[in-house]
Amino acid sequence: MNYLLPGFESKRRIELLLSLTRISSPDVIAALTLHYTSALPAERAAARHGIEVSNFVRGQKKLEQIAAKVEAIKAIDWAKLQTTPQTEQVA
């Protein structure tokens with residue numbers, strides 16, 4: 001399942017997800033950011049930054065794994081919020 005949609009992600013979200021990976025190549029980071037923030041096809045984003053598509057895809061898979069973990073954590077937190085009794089607010 002893909003958690004990241006090309007062209008629909010904010011630059012800040014991609015930066016934060018990348019910070020959770022060991023991806024360190026500035027060109028791979030730039031290509032991934034370009035792809036996810038502007039919907040430029042993967043092949044063109046890789047070519048624009050002078051990297052092999054295989055390197056781009058490797059980074060893309062790692063980024064998706066991290067995004068999946070973040071979404072799983074969010075689901076746990078959301079479920080916990082739904083089952084926690086809310087205290088009454090006094091006016």
# chains A, B, ... in the order shown; residues from 1 in each chain; ligands from 1
$ residues_around --residues "Leu63 in chain A" --least-positions-apart "6" --cutoff "8 Å" --atoms "only C-alpha atoms" --output "PyMOL selection string"
chain A and resi 17-18+21
$ residues_around --residues "Ser25 in chain A" --least-positions-apart "3" --cutoff "10 Å" --atoms "only C-alpha atoms" --output "MDAnalysis selection string"
chainID A and resid 22 28:31 51 55 59
$ closest_residue --among "A:Trp78, A:Arg12, A:Pro6, A:Val70" --to "Ala45 in chain A" --atoms "only C-alpha atoms"
A:Pro6
$ atom_distance --atom1 "CA of His49 in chain A" --atom2 "CA of Pro26 in chain A"
9.1 Å
$ select_by_dssp --residues "range 3-75 of chain A" --states "helix (DSSP H, G or I)" --output "ChimeraX atom specification"
/A:11-19,26-38,42-48,53-75
$ residues_around --residues "Lys61 in chain A" --least-positions-apart "4" --cutoff "12 Å" --atoms "only C-alpha atoms" --output "number ranges by chain"
A: 1-4, 18, 21, 23, 32, 54-57, 65-68
$ residues_around --residues "Arg44 in chain A" --least-positions-apart "2" --cutoff "12 Å" --atoms "only C-alpha atoms" --output "list in words"
Ala31, Leu32, Leu34, His35, Ser38, Ala39, Leu40, Pro41, Ala42, Ala46, Ala47, Arg48, His49, Gly50, Ile51, Glu52, Val53 and Phe56 of chain A
$ atom_distance --atom1 "CA of Ile14 in chain A" --atom2 "CA of Thr33 in chain A"
6.3 Å
$ decode --residues "range 51-64 of chain A" --atoms "N, CA, C and O atoms" --output "short mmCIF file (atom, residue, chain, number, x, y, z; two decimals), in the first residue's frame"
data_model
loop_
_atom_site.label_atom_id
_atom_site.label_comp_id
_atom_site.auth_asym_id
_atom_site.auth_seq_id
_atom_site.Cartn_x
_atom_site.Cartn_y
_atom_site.Cartn_z
N ILE A 51 20.47 10.99 -10.97
CA ILE A 51 20.62 9.72 -10.27
C ILE A 51 19.96 8.60 -11.07
O ILE A 51 19.11 8.85 -11.93
N GLU A 52 20.37 7.39 -10.80
CA GLU A 52 19.76 6.23 -11.44
C GLU A 52 18.36 6.02 -10.89
O GLU A 52 18.12 6.26 -9.70
N VAL A 53 17.47 5.55 -11.74
CA VAL A 53 16.10 5.28 -11.30
C VAL A 53 16.10 4.24 -10.19
O VAL A 53 15.31 4.32 -9.25
N SER A 54 17.01 3.27 -10.26
CA SER A 54 17.07 2.23 -9.22
C SER A 54 17.38 2.84 -7.85
O SER A 54 16.83 2.40 -6.84
N ASN A 55 18.24 3.84 -7.81
CA ASN A 55 18.54 4.51 -6.55
C ASN A 55 17.32 5.30 -6.05
O ASN A 55 17.05 5.34 -4.86
N PHE A 56 16.62 5.91 -6.98
CA PHE A 56 15.41 6.64 -6.63
C PHE A 56 14.37 5.68 -6.03
O PHE A 56 13.79 5.95 -4.99
N VAL A 57 14.16 4.55 -6.71
CA VAL A 57 13.17 3.57 -6.26
C VAL A 57 13.54 3.00 -4.89
O VAL A 57 12.67 2.80 -4.04
N ARG A 58 14.81 2.78 -4.66
CA ARG A 58 15.27 2.30 -3.34
C ARG A 58 14.90 3.31 -2.26
O ARG A 58 14.38 2.95 -1.20
N GLY A 59 15.15 4.57 -2.52
CA GLY A 59 14.78 5.62 -1.57
C GLY A 59 13.28 5.73 -1.40
O GLY A 59 12.78 5.93 -0.29
N GLN A 60 12.57 5.57 -2.48
CA GLN A 60 11.11 5.64 -2.47
C GLN A 60 10.53 4.52 -1.59
O GLN A 60 9.62 4.75 -0.77
N LYS A 61 11.07 3.32 -1.73
CA LYS A 61 10.60 2.19 -0.92
C LYS A 61 10.86 2.43 0.56
O LYS A 61 10.00 2.15 1.42
N LYS A 62 12.03 2.95 0.88
CA LYS A 62 12.37 3.24 2.28
C LYS A 62 11.43 4.31 2.84
O LYS A 62 10.94 4.21 3.97
N LEU A 63 11.18 5.34 2.06
CA LEU A 63 10.29 6.41 2.49
C LEU A 63 8.87 5.89 2.72
O LEU A 63 8.21 6.27 3.70
N GLU A 64 8.40 4.99 1.88
CA GLU A 64 7.07 4.39 2.04
C GLU A 64 7.02 3.54 3.31
O GLU A 64 6.00 3.52 4.01
#
